[in-house]
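For reference, model-v5.pdb is printed below; it contains PDB, C-alpha atoms.
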MODEL        1
ATOM      1  CA  MET A   1      21.539 -10.758   1.262
ATOM      2  CA  THR A   2      23.872  -9.048   3.690
ATOM      3  CA  ASP A   3      23.980  -5.846   1.629
ATOM      4  CA  ALA A   4      20.189  -5.551   1.587
ATOM      5  CA  ALA A   5      17.553  -3.893   3.741
ATOM      6  CA  LEU A   6      14.101  -5.355   4.198
ATOM      7  CA  VAL A   7      11.187  -3.088   3.323
ATOM      8  CA  HIS A   8       7.815  -4.215   4.671
ATOM      9  CA  VAL A   9       4.959  -2.504   2.835
ATOM     10  CA  CYS A  10       1.635  -2.673   4.667
ATOM     11  CA  ARG A  11      -1.762  -2.066   3.191
ATOM     12  CA  HIS A  12      -3.943   0.171   5.391
ATOM     13  CA  GLY A  13      -6.785  -1.196   7.525
ATOM     14  CA  LEU A  14     -10.508  -1.222   6.800
ATOM     15  CA  VAL A  15     -12.006   2.189   6.003
ATOM     16  CA  HIS A  16     -15.312   3.565   7.317
ATOM     17  CA  ASN A  17     -17.300   3.837   4.084
ATOM     18  CA  PRO A  18     -21.003   3.141   4.699
ATOM     19  CA  GLU A  19     -22.047   4.710   1.388
ATOM     20  CA  ASN A  20     -19.665   2.426  -0.530
ATOM     21  CA  ILE A  21     -17.904   5.255  -2.352
ATOM     22  CA  LEU A  22     -14.896   4.671  -4.606
ATOM     23  CA  TYR A  23     -12.801   7.064  -2.528
ATOM     24  CA  SER A  24      -9.407   6.614  -4.214
ATOM     25  CA  ARG A  25      -7.507   9.805  -3.232
ATOM     26  CA  LEU A  26     -10.453  11.700  -1.717
ATOM     27  CA  PRO A  27      -9.762  13.213   1.714
ATOM     28  CA  GLY A  28     -11.874  12.479   4.762
ATOM     29  CA  PHE A  29     -11.926   8.673   4.644
ATOM     30  CA  HIS A  30     -10.694   7.306   7.961
ATOM     31  CA  LEU A  31     -10.261   3.856   9.452
ATOM     32  CA  SER A  32     -13.347   2.170  10.854
ATOM     33  CA  GLU A  33     -13.304   0.640  14.330
ATOM     34  CA  THR A  34     -12.342  -2.658  12.726
ATOM     35  CA  GLY A  35      -9.656  -0.873  10.759
ATOM     36  CA  ARG A  36      -8.186   0.524  13.971
ATOM     37  CA  VAL A  37      -8.043  -2.986  15.409
ATOM     38  CA  MET A  38      -6.189  -4.067  12.260
ATOM     39  CA  ALA A  39      -3.753  -1.174  12.664
ATOM     40  CA  ASP A  40      -3.148  -2.116  16.297
ATOM     41  CA  GLN A  41      -2.367  -5.679  15.233
ATOM     42  CA  LEU A  42       0.155  -4.386  12.719
ATOM     43  CA  GLY A  43       1.691  -2.328  15.502
ATOM     44  CA  ALA A  44       2.007  -5.443  17.639
ATOM     45  CA  HIS A  45       3.412  -7.396  14.690
ATOM     46  CA  PHE A  46       6.274  -4.941  14.263
ATOM     47  CA  ALA A  47       6.780  -4.164  17.968
ATOM     48  CA  ASP A  48       9.897  -6.301  18.315
ATOM     49  CA  VAL A  49      11.258  -5.735  14.812
ATOM     50  CA  PRO A  50      14.386  -3.520  14.777
ATOM     51  CA  VAL A  51      12.801  -0.892  12.548
ATOM     52  CA  THR A  52      15.151   1.811  11.284
ATOM     53  CA  HIS A  53      12.857   3.676   8.887
ATOM     54  CA  LEU A  54       9.140   4.508   8.660
ATOM     55  CA  ARG A  55       7.325   5.918   5.633
ATOM     56  CA  THR A  56       3.651   6.350   4.703
ATOM     57  CA  SER A  57       1.187   7.534   2.113
ATOM     58  CA  PRO A  58      -0.249  10.974   2.948
ATOM     59  CA  LEU A  59      -3.874   9.780   2.989
ATOM     60  CA  GLU A  60      -5.623   9.628   6.364
ATOM     61  CA  ARG A  61      -6.245   5.891   6.359
ATOM     62  CA  ALA A  62      -2.572   5.193   5.751
ATOM     63  CA  GLN A  63      -1.336   7.590   8.426
ATOM     64  CA  GLU A  64      -3.832   6.154  10.914
ATOM     65  CA  THR A  65      -2.561   2.654  10.114
ATOM     66  CA  MET A  66       1.009   3.818  10.616
ATOM     67  CA  ALA A  67       0.275   5.410  14.011
ATOM     68  CA  PRO A  68       0.348   2.226  16.160
ATOM     69  CA  ILE A  69       3.497   1.059  14.366
ATOM     70  CA  ALA A  70       5.234   4.396  14.918
ATOM     71  CA  ALA A  71       4.118   4.457  18.568
ATOM     72  CA  ARG A  72       6.257   1.364  19.186
ATOM     73  CA  HIS A  73       9.282   2.971  17.528
ATOM     74  CA  GLU A  74       9.193   6.486  18.933
ATOM     75  CA  ASP A  75      12.802   7.189  18.013
ATOM     76  CA  VAL A  76      12.128   6.648  14.288
ATOM     77  CA  PRO A  77      10.526   9.609  12.475
ATOM     78  CA  VAL A  78       7.748   8.975   9.969
ATOM     79  CA  VAL A  79       8.346  10.204   6.420
ATOM     80  CA  VAL A  80       5.221  11.128   4.433
ATOM     81  CA  ASP A  81       5.785  10.162   0.809
ATOM     82  CA  GLU A  82       3.409  11.168  -2.011
ATOM     83  CA  ARG A  83       4.742   8.288  -4.115
ATOM     84  CA  LEU A  84       2.962   5.831  -1.815
ATOM     85  CA  ILE A  85      -0.457   7.401  -2.439
ATOM     86  CA  GLU A  86      -3.457   5.471  -3.768
ATOM     87  CA  ALA A  87      -3.893   5.033  -7.512
ATOM     88  CA  ALA A  88      -5.642   7.889  -9.280
ATOM     89  CA  SER A  89      -9.100   6.969 -10.594
ATOM     90  CA  THR A  90     -11.331   8.644 -13.146
ATOM     91  CA  MET A  91     -14.303   7.157 -11.254
ATOM     92  CA  GLN A  92     -13.303   8.631  -7.893
ATOM     93  CA  GLY A  93     -16.344   9.701  -5.885
ATOM     94  CA  GLN A  94     -18.810   7.347  -7.574
ATOM     95  CA  VAL A  95     -20.921   4.881  -5.606
ATOM     96  CA  LYS A  96     -19.644   1.359  -6.225
ATOM     97  CA  GLY A  97     -22.683  -0.637  -5.144
ATOM     98  CA  PRO A  98     -22.631  -4.371  -4.326
ATOM     99  CA  GLY A  99     -19.676  -6.046  -5.992
ATOM    100  CA  SER A 100     -18.760  -2.659  -7.541
ATOM    101  CA  LEU A 101     -21.430  -3.370 -10.193
ATOM    102  CA  ARG A 102     -22.651   0.244 -10.282
ATOM    103  CA  LEU A 103     -19.286   1.241 -11.746
ATOM    104  CA  LEU A 104     -20.143  -0.793 -14.857
ATOM    105  CA  LYS A 105     -22.700   1.734 -16.068
ATOM    106  CA  PRO A 106     -22.362   2.721 -19.754
ATOM    107  CA  ALA A 107     -20.849   6.121 -18.943
ATOM    108  CA  ASN A 108     -17.805   4.311 -17.516
ATOM    109  CA  TRP A 109     -17.274   1.817 -20.337
ATOM    110  CA  ARG A 110     -14.675   4.009 -22.037
ATOM    111  CA  TYR A 111     -12.485   3.791 -18.941
ATOM    112  CA  PHE A 112     -12.471  -0.005 -18.968
ATOM    113  CA  LEU A 113     -11.591  -0.025 -22.671
ATOM    114  CA  SER A 114      -8.654   2.355 -22.188
ATOM    115  CA  ARG A 115      -5.121   0.908 -22.226
ATOM    116  CA  ASP A 116      -4.458   2.449 -18.808
ATOM    117  CA  GLY A 117      -7.780   1.259 -17.444
ATOM    118  CA  TRP A 118      -9.767   3.621 -15.267
ATOM    119  CA  GLY A 119      -7.063   5.937 -14.030
ATOM    120  CA  GLU A 120      -3.342   6.028 -13.426
ATOM    121  CA  GLY A 121      -1.271   3.815 -15.701
ATOM    122  CA  PHE A 122      -0.055   0.626 -14.019
ATOM    123  CA  LYS A 123       3.580   1.096 -15.098
ATOM    124  CA  PRO A 124       3.896   4.683 -13.760
ATOM    125  CA  MET A 125       2.253   3.526 -10.528
ATOM    126  CA  ALA A 126       4.686   0.617 -10.224
ATOM    127  CA  ASP A 127       7.632   2.908 -10.945
ATOM    128  CA  ARG A 128       6.732   5.566  -8.364
ATOM    129  CA  THR A 129       5.973   3.025  -5.654
ATOM    130  CA  THR A 130       9.183   1.146  -6.349
ATOM    131  CA  ALA A 131      11.147   4.401  -6.170
ATOM    132  CA  ALA A 132       9.703   5.024  -2.691
ATOM    133  CA  ILE A 133      10.589   1.463  -1.670
ATOM    134  CA  ILE A 134      14.163   1.938  -2.893
ATOM    135  CA  ASP A 135      14.549   5.200  -0.986
ATOM    136  CA  ALA A 136      13.173   3.540   2.153
ATOM    137  CA  GLY A 137      15.579   0.634   1.769
ATOM    138  CA  LEU A 138      18.562   2.925   1.296
ATOM    139  CA  ALA A 139      17.490   4.979   4.322
ATOM    140  CA  ALA A 140      17.152   1.818   6.417
ATOM    141  CA  ARG A 141      20.698   0.807   5.358
ATOM    142  CA  PRO A 142      22.035  -2.751   4.875
ATOM    143  CA  GLY A 143      20.658  -5.113   7.489
ATOM    144  CA  GLY A 144      18.009  -2.576   8.512
ATOM    145  CA  GLN A 145      14.265  -2.869   8.217
ATOM    146  CA  ALA A 146      11.765  -0.288   7.028
ATOM    147  CA  VAL A 147       7.992  -0.313   7.421
ATOM    148  CA  LEU A 148       5.812   1.517   4.908
ATOM    149  CA  VAL A 149       2.040   1.969   4.619
ATOM    150  CA  SER A 150       0.428   2.274   1.221
ATOM    151  CA  HIS A 151      -2.568   0.983  -0.743
ATOM    152  CA  GLN A 152      -3.527  -2.172  -2.579
ATOM    153  CA  ALA A 153      -2.961  -1.174  -6.211
ATOM    154  CA  PRO A 154       0.447   0.506  -5.697
ATOM    155  CA  ILE A 155       1.710  -2.366  -3.538
ATOM    156  CA  TRP A 156       0.587  -4.981  -6.043
ATOM    157  CA  ALA A 157       2.061  -3.016  -8.947
ATOM    158  CA  ALA A 158       5.431  -2.797  -7.188
ATOM    159  CA  ARG A 159       5.369  -6.511  -6.432
ATOM    160  CA  ARG A 160       4.593  -7.419 -10.053
ATOM    161  CA  LEU A 161       7.461  -5.204 -11.195
ATOM    162  CA  ALA A 162       9.868  -6.728  -8.672
ATOM    163  CA  GLU A 163       8.881 -10.219  -9.788
ATOM    164  CA  GLY A 164       9.342  -9.323 -13.446
ATOM    165  CA  LYS A 165       5.725 -10.192 -14.209
ATOM    166  CA  PHE A 166       3.329  -8.591 -16.680
ATOM    167  CA  LEU A 167       1.857  -5.398 -15.257
ATOM    168  CA  LEU A 168      -1.792  -6.345 -15.583
ATOM    169  CA  ASN A 169      -4.279  -4.379 -13.494
ATOM    170  CA  ILE A 170      -7.070  -6.794 -12.538
ATOM    171  CA  PRO A 171      -8.201  -6.064  -8.960
ATOM    172  CA  ALA A 172      -9.630  -9.535  -8.404
ATOM    173  CA  THR A 173      -6.203 -11.102  -8.934
ATOM    174  CA  ARG A 174      -4.310  -9.004  -6.385
ATOM    175  CA  GLN A 175      -2.842 -10.731  -3.335
ATOM    176  CA  CYS A 176      -2.934  -7.778  -0.978
ATOM    177  CA  ALA A 177      -5.483  -8.020   1.809
ATOM    178  CA  LEU A 178      -6.279  -5.253   4.250
ATOM    179  CA  ALA A 179      -3.443  -4.765   6.775
ATOM    180  CA  SER A 180      -1.308  -7.341   4.967
ATOM    181  CA  VAL A 181       2.480  -7.087   4.674
ATOM    182  CA  THR A 182       4.370  -7.391   1.384
ATOM    183  CA  THR A 183       8.122  -7.534   1.913
ATOM    184  CA  PHE A 184      10.886  -6.504  -0.485
ATOM    185  CA  ALA A 185      14.677  -6.599  -0.258
ATOM    186  CA  VAL A 186      16.572  -3.512  -1.432
ATOM    187  CA  THR A 187      20.321  -3.700  -2.079
ATOM    188  CA  THR A 188      22.758  -0.812  -1.788
ATOM    189  CA  SER A 189      22.709  -0.563  -5.589
ATOM    190  CA  GLY A 190      18.933  -0.040  -5.545
ATOM    191  CA  THR A 191      17.946  -3.487  -6.801
ATOM    192  CA  VAL A 192      14.516  -4.554  -5.541
ATOM    193  CA  SER A 193      13.321  -8.133  -5.132
ATOM    194  CA  PHE A 194      10.126  -9.613  -3.724
ATOM    195  CA  VAL A 195      10.677 -11.545  -0.484
ATOM    196  CA  GLY A 196       7.260 -12.584   0.773
ATOM    197  CA  TYR A 197       3.665 -11.844   1.668
ATOM    198  CA  GLU A 198       1.936 -12.227   5.035
ATOM    199  CA  GLU A 199      -1.514 -11.599   6.435
ATOM    200  CA  VAL A 200      -1.122 -10.701  10.099
ATOM    201  CA  VAL A 201      -4.682  -9.769  11.074
ATOM    202  CA  THR A 202      -6.380 -12.314  13.313
ATOM    203  CA  THR A 203      -9.521 -10.315  14.141
ATOM    204  CA  ALA A 204     -11.689  -8.613  11.536
TER     205      ALA A 204
ENDMDL
END
Please go through the file and, once you have read it, give me the structure as structure tokens.
Amino acid sequence: MTDAALVHVCRHGLVHNPENILYSRLPGFHLSETGRVMADQLGAHFADVPVTHLRTSPLERAQETMAPIAARHEDVPVVVDERLIEAASTMQGQVKGPGSLRLLKPANWRYFLSRDGWGEGFKPMADRTTAAIIDAGLAARPGGQAVLVSHQAPIWAARRLAEGKFLLNIPATRQCALASVTTFAVTTSGTVSFVGYEEVVTTA
């Protein structure tokens, strides 16, 4: 589509989280050493792409993932966008345990039975993330390319919305690995379509 911009939305790299906390939007969670390697590989992946716009979630792990990308495009400022933030969670701060099984304790059952699940509604999350993608695409301009960094749930929600699929929030079904790239096309009229998905990390 000649009137479209490509918007590549990256998930952040691996986070240092030895206590296995559901950190959600909590501050102070940074990339691990492996996560920094992932971020560097994303930087290399986009090094030769003619990037015209950069945008990231405000959380540390996202900004640290963006840093190697931005370093290769020093003339492009980075926009910090709250709409790209992680999903809100009512269980934020709890210890997940192996396989997140500790979150299944009886005190949390009411969250799993709620229509919106355990936090932010999937539709509002899809809408806000898509709005950020549209703004990035319009800023990149037709034929341009934008690179964004966000989080698994918002990226997956935006993809489901773009594909016209049911907005079902089941984490195990999400195709959105760490440091992966989900690409959308944004037309000048603000129409968003899903283009493709790629996992670029070769060392974990």
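Distance annotation: of A:Ala5, A:Val95, A:Ala126, A:Val49, the residue with the minimal separation from A:Asn17 is A:Val95; atom set is all atoms listed in the file.
Atom CA of A:Leu59 to atom CA of A:Pro154 spans 13.4 Å [interatomic distance, one decimal].
Residue nearest A:Gln152, chosen from A:Thr183, A:Thr188, A:Gln175, A:Thr130 and counting all atoms listed in the file: A:Gln175.
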Hits from the PyMOL selection byres ((chain A and resi 43) around 9), listed as a PyMOL selection string:
chain A and resi 38-42+44-47+65-72
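Straight-line separation from atom CA of A:Ala179 to atom CA of A:Leu14: 7.9 Å.
Pairwise distance (atom CA of A:Gly137, atom CA of A:Ser24) equals 26.4 Å.
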Around all the atoms of stretch 45-49 of chain A listed in the file, with 6 Å of room on each side, what axis-aligned box do you get, giving centre and edge lengths in Å to one decimal, as AutoDock Vina command-line options?
--center_x 7.3 --center_y -5.8 --center_z 16.3 --size_x 19.8 --size_y 15.2 --size_z 16.1
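Using only C-alpha atoms, the smallest distance between any of A:Leu148, A:Ala140, A:Ala185, A:Val51 and A:Val80 comes from A:Leu148.
Comparing A:Val195, A:Val186, A:Cys176, A:Val147 by their smallest distance to A:Glu163, the closest is A:Val195 (using only C-alpha atoms).
Take the candidates A:Arg174, A:Arg11, A:Arg55, A:His30 and check each one against A:Glu86 using all atoms listed in the file; the shortest distance goes to A:Arg11.
Distance check against A:Val78 using only C-alpha atoms: of A:Cys10, A:Ala146, A:Leu22, A:Ala177, the minimum falls on A:Ala146.
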Report the residues retrieved by the PyMOL selection byres ((chain A and resi 162) around 9) from the displayed file, expressed as a list of chain:residue names.
A:Thr130, A:Ala157, A:Ala158, A:Arg159, A:Arg160, A:Leu161, A:Glu163, A:Gly164, A:Lys165, A:Phe184, A:Thr191, A:Val192, A:Ser193, A:Phe194
Just say which residues the PyMOL selection byres ((chain A and resi 31) around 10) picks in this file, as number ranges by chain.
A: 12-17, 28-30, 32-39, 60-65
Would you mind completing stretch 46-68 of chain A to N, CA and C atoms and writing the output as a tab-separated table (two decimals), in the coordinates of the input?
chain	number	residue	atom	x	y	z
A	46	PHE	N	4.96	-5.55	14.47
A	46	PHE	CA	6.27	-4.94	14.26
A	46	PHE	C	6.93	-4.45	15.56
A	47	ALA	N	6.29	-4.72	16.70
A	47	ALA	CA	6.78	-4.16	17.97
A	47	ALA	C	8.21	-4.57	18.27
A	48	ASP	N	8.56	-5.80	17.98
A	48	ASP	CA	9.90	-6.30	18.32
A	48	ASP	C	10.84	-6.35	17.12
A	49	VAL	N	10.41	-5.79	16.01
A	49	VAL	CA	11.26	-5.74	14.81
A	49	VAL	C	12.18	-4.52	14.94
A	50	PRO	N	13.46	-4.66	14.67
A	50	PRO	CA	14.39	-3.52	14.78
A	50	PRO	C	14.22	-2.55	13.60
A	51	VAL	N	13.15	-1.80	13.64
A	51	VAL	CA	12.80	-0.89	12.55
A	51	VAL	C	13.72	0.33	12.56
A	52	THR	N	14.25	0.65	11.40
A	52	THR	CA	15.15	1.81	11.28
A	52	THR	C	14.60	2.91	10.39
A	53	HIS	N	13.44	2.66	9.77
A	53	HIS	CA	12.86	3.68	8.89
A	53	HIS	C	11.36	3.45	8.77
A	54	LEU	N	10.59	4.55	8.81
A	54	LEU	CA	9.14	4.51	8.66
A	54	LEU	C	8.72	5.49	7.57
A	55	ARG	N	7.75	5.07	6.75
A	55	ARG	CA	7.32	5.92	5.63
A	55	ARG	C	5.88	5.58	5.29
A	56	THR	N	5.07	6.60	4.95
A	56	THR	CA	3.65	6.35	4.70
A	56	THR	C	3.09	7.23	3.59
A	57	SER	N	2.02	6.74	3.01
A	57	SER	CA	1.19	7.53	2.11
A	57	SER	C	0.60	8.71	2.90
A	58	PRO	N	0.31	9.83	2.23
A	58	PRO	CA	-0.25	10.97	2.95
A	58	PRO	C	-1.73	10.84	3.30
A	59	LEU	N	-2.43	9.88	2.74
A	59	LEU	CA	-3.87	9.78	2.99
A	59	LEU	C	-4.16	9.36	4.43
A	60	GLU	N	-5.31	9.82	4.94
A	60	GLU	CA	-5.62	9.63	6.36
A	60	GLU	C	-5.58	8.16	6.79
A	61	ARG	N	-6.17	7.30	5.98
A	61	ARG	CA	-6.24	5.89	6.36
A	61	ARG	C	-4.86	5.25	6.49
A	62	ALA	N	-3.94	5.72	5.67
A	62	ALA	CA	-2.57	5.19	5.75
A	62	ALA	C	-1.86	5.72	6.99
A	63	GLN	N	-2.00	7.02	7.26
A	63	GLN	CA	-1.34	7.59	8.43
A	63	GLN	C	-1.91	7.02	9.72
A	64	GLU	N	-3.22	6.75	9.72
A	64	GLU	CA	-3.83	6.15	10.91
A	64	GLU	C	-3.37	4.71	11.11
A	65	THR	N	-3.10	4.01	10.02
A	65	THR	CA	-2.56	2.65	10.11
A	65	THR	C	-1.12	2.69	10.61
A	66	MET	N	-0.38	3.68	10.19
A	66	MET	CA	1.01	3.82	10.62
A	66	MET	C	1.13	4.16	12.10
A	67	ALA	N	0.15	4.87	12.65
A	67	ALA	CA	0.28	5.41	14.01
A	67	ALA	C	0.64	4.37	15.06
A	68	PRO	N	-0.03	3.21	15.13
A	68	PRO	CA	0.35	2.23	16.16
A	68	PRO	C	1.73	1.61	15.92
